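J.: Before anything else, here's the structure in question.
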Amino acid sequence: SPAMFSGWGVRTLANTEARYNPVGYHVGTVWPFDNSIIAWGLSRYGFREEAARIAEGIIQASTHFQGRLPEAFAGYDRALTNYPVEYPTACSPQGWSAGAPLLLLRTMLGLDPHENHLATDPVLPPSINRIELVDIPGRWGRASAFGLRTGKRKRHPVR
């Protein structure tokens, strides 16, 4: 909901809660690594467009941090600022935040190792038209994955 999603990512606490503080460490900030796990989980349960939206917010936020995602940043609504607001004491770069774009990439491309194959089922956010990963090594040998934005996807109910 908009109470949890700032436009840059999912907050640690909804902005409708009494304790909400957009620069409070665990009471309103956005954590990139948490968002990558949230997006991956949403994707696994069939909420692929929502996962892509989270990926889009975090990736766009990363451009304001010169591609080095910090530990956390402020949970202000994107409509209030043209950039994500830095958290004053956040580590940057941060090890677990450095891994977030990789899980977001896996989520958007729908990469799923299955036996000796690498399955793909891409769902890209509106701002990304194409993603290519070439020669991905694994137990499948080497594989390539391509994502192309083709429009709105049909929603399949979660069972």
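Ligands are numbered from 1 in the order shown, residues from 1 within each chain, and chains are lettered A, B, ... in the order they appear in the structure tokens.
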Write out as a PyMOL selection string each polymer residue whose atoms come within 12 Å of Arg106 (chain A), counting only C-alpha atoms; drop sequence neighbours fewer than 4 positions from it.
T.: chain A and resi 36-37+39-41+43-44+48+51-52+55+99-102+110-113+118-124+131-133+136+145-147
J.: Give me, as a PyMOL selection string, all polymer residues having an atom no more than 12 Å from Glu17 (chain A), counting only C-alpha atoms and skipping those fewer than 5 positions away in the same chain.
T.: chain A and resi 3-4+11-12+22+27-28
J.: Extract, using only C-alpha atoms, all DNA, RNA and protein residues at most 12 Å from Asn116 (chain A), discarding same-chain residues fewer than 6 positions from it, and format them as a ChimeraX atom specification.
T.: /A:137-143
J.: Now that the selection is made, can you save its residues with C-alpha atoms as a short mmCIF file (atom, residue, chain, number, x, y, z; two decimals), in the first residue's frame?
T.:
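Done, and the output landed in selection-v2.cif:
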```
data_model
loop_
_atom_site.label_atom_id
_atom_site.label_comp_id
_atom_site.auth_asym_id
_atom_site.auth_seq_id
_atom_site.Cartn_x
_atom_site.Cartn_y
_atom_site.Cartn_z
CA PRO A 137 27.57 -19.98 -15.76
CA GLY A 138 26.01 -22.73 -13.67
CA ARG A 139 25.24 -26.43 -13.54
CA TRP A 140 23.41 -25.86 -16.83
CA GLY A 141 26.69 -24.88 -18.48
CA ARG A 142 26.23 -21.37 -19.83
CA ALA A 143 22.87 -19.76 -20.53
#
```
J.: Any chance you could list, as a PyMOL selection string, the residues in chain A that come up helix (DSSP H, G or I) when DSSP is run on the backbone?
T.: chain A and resi 32-44+48-64+78-80+95-109
J.: Could you build a table of the residues in region 9-37 of chain A lying no more than 12 Å from region 81-84 of chain A, giving for each the nearest pair of atoms and their separation in Å rounded to one decimal place, using only C-alpha atoms, ordered by chain and ascending residue number, as a Markdown table?
T.:
```
| residue | atom | partner | partner_atom | distance |
| --- | --- | --- | --- | --- |
| A:Gly9 | CA | A:Pro84 | CA | 9.6 |
| A:Pro22 | CA | A:Pro84 | CA | 11.0 |
| A:Val23 | CA | A:Pro84 | CA | 11.3 |
| A:Thr29 | CA | A:Pro84 | CA | 10.5 |
| A:Val30 | CA | A:Pro84 | CA | 9.5 |
| A:Trp31 | CA | A:Pro84 | CA | 11.8 |
| A:Pro32 | CA | A:Pro84 | CA | 11.8 |
```
J.: Write out as a VMD selection string all residues of chain A that DSSP puts in strand (DSSP E) for this structure's backbone.
T.: chain A and resid 112 to 114 117 to 119 130 to 138 141 to 148
J.: Select, from A:Ser1, A:His114, A:Phe73, A:Pro93, the residue with the minimum atom-to-atom distance to Tyr25 (chain A), counting only C-alpha atoms.
T.: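 Smallest separation from Tyr25 (chain A) among the options: A:Phe73.
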J.: Identify, on the basis of only C-alpha atoms, every residue whose closest approach to Pro2 (chain A) does not exceed 10 Å; exclude the query and any residue fewer than 5 positions from it along the same chain; express the result as a JSON list (two decimals) with all heavy atoms, in the first residue's frame.
T.:
```
[["chain", "number", "residue", "atom", "x", "y", "z"],
["A", 7, "GLY", "N", 7.71, 4.80, -2.90],
["A", 7, "GLY", "CA", 8.01, 5.14, -4.28],
["A", 7, "GLY", "C", 9.46, 4.82, -4.60],
["A", 7, "GLY", "O", 9.82, 4.55, -5.74],
["A", 10, "VAL", "N", 10.05, -0.15, -0.05],
["A", 10, "VAL", "CA", 9.14, -0.47, 1.05],
["A", 10, "VAL", "C", 9.78, -0.02, 2.36],
["A", 10, "VAL", "O", 10.94, -0.33, 2.63],
["A", 10, "VAL", "CB", 8.84, -1.99, 1.09],
["A", 10, "VAL", "CG1", 7.95, -2.34, 2.28],
["A", 10, "VAL", "CG2", 8.21, -2.45, -0.21],
["A", 11, "ARG", "N", 9.02, 0.72, 3.14],
["A", 11, "ARG", "CA", 9.50, 1.21, 4.44],
["A", 11, "ARG", "C", 9.47, 0.11, 5.49],
["A", 11, "ARG", "O", 8.74, -0.86, 5.37],
["A", 11, "ARG", "CB", 8.59, 2.34, 4.94],
["A", 11, "ARG", "CG", 8.46, 3.52, 4.04],
["A", 11, "ARG", "CD", 7.42, 4.48, 4.65],
["A", 11, "ARG", "NE", 7.29, 5.68, 3.87],
["A", 11, "ARG", "CZ", 6.33, 5.90, 2.98],
["A", 11, "ARG", "NH1", 5.39, 5.00, 2.76],
["A", 11, "ARG", "NH2", 6.29, 7.03, 2.31],
["A", 14, "ALA", "N", 4.85, 1.56, 8.25],
["A", 14, "ALA", "CA", 3.92, 2.36, 7.47],
["A", 14, "ALA", "C", 3.88, 3.80, 7.97],
["A", 14, "ALA", "O", 3.97, 4.06, 9.18],
["A", 14, "ALA", "CB", 2.52, 1.76, 7.54],
["A", 15, "ASN", "N", 3.72, 4.72, 7.04],
["A", 15, "ASN", "CA", 3.68, 6.14, 7.43],
["A", 15, "ASN", "C", 2.38, 6.52, 8.13],
["A", 15, "ASN", "O", 2.22, 7.65, 8.56],
["A", 15, "ASN", "CB", 3.96, 7.06, 6.23],
["A", 15, "ASN", "CG", 2.90, 7.00, 5.17],
["A", 15, "ASN", "OD1", 1.88, 6.32, 5.31],
["A", 15, "ASN", "ND2", 3.14, 7.70, 4.07],
["A", 16, "THR", "N", 1.47, 5.58, 8.28],
["A", 16, "THR", "CA", 0.23, 5.81, 9.01],
["A", 16, "THR", "C", 0.33, 5.41, 10.48],
["A", 16, "THR", "O", -0.60, 5.64, 11.26],
["A", 16, "THR", "CB", -0.92, 5.02, 8.36],
["A", 16, "THR", "OG1", -0.54, 3.64, 8.28],
["A", 16, "THR", "CG2", -1.24, 5.55, 6.97],
["A", 77, "ASP", "N", 8.03, 10.01, 1.20],
["A", 77, "ASP", "CA", 7.31, 9.75, -0.04],
["A", 77, "ASP", "C", 8.08, 10.34, -1.21],
["A", 77, "ASP", "O", 8.56, 11.48, -1.14],
["A", 77, "ASP", "CB", 5.91, 10.37, -0.01],
["A", 77, "ASP", "CG", 4.94, 9.56, 0.82],
["A", 77, "ASP", "OD1", 5.06, 8.32, 0.83],
["A", 77, "ASP", "OD2", 4.06, 10.18, 1.44]]
```
J.: For His64 (chain A), which of A:Ala98, A:Trp8, A:Met108, A:Gly46 is the closest residue, counting only C-alpha atoms?
T.: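 For His64 (chain A), the nearest of the given residues is A:Trp8.
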J.: Using only C-alpha atoms, can you tell me which of A:Thr89, A:Thr63, A:Asn129, A:Gln94 comes closest to Leu109 (chain A)?
T.: A:Asn129
J.: Choose the residue, out of A:Pro70, A:Asn21, A:Glu56, A:Ala61, that has the smallest atom-to-atom separation from Leu105 (chain A); count only C-alpha atoms.
T.: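 When distances to Leu105 (chain A) are compared using only C-alpha atoms, the smallest one comes from A:Glu56.
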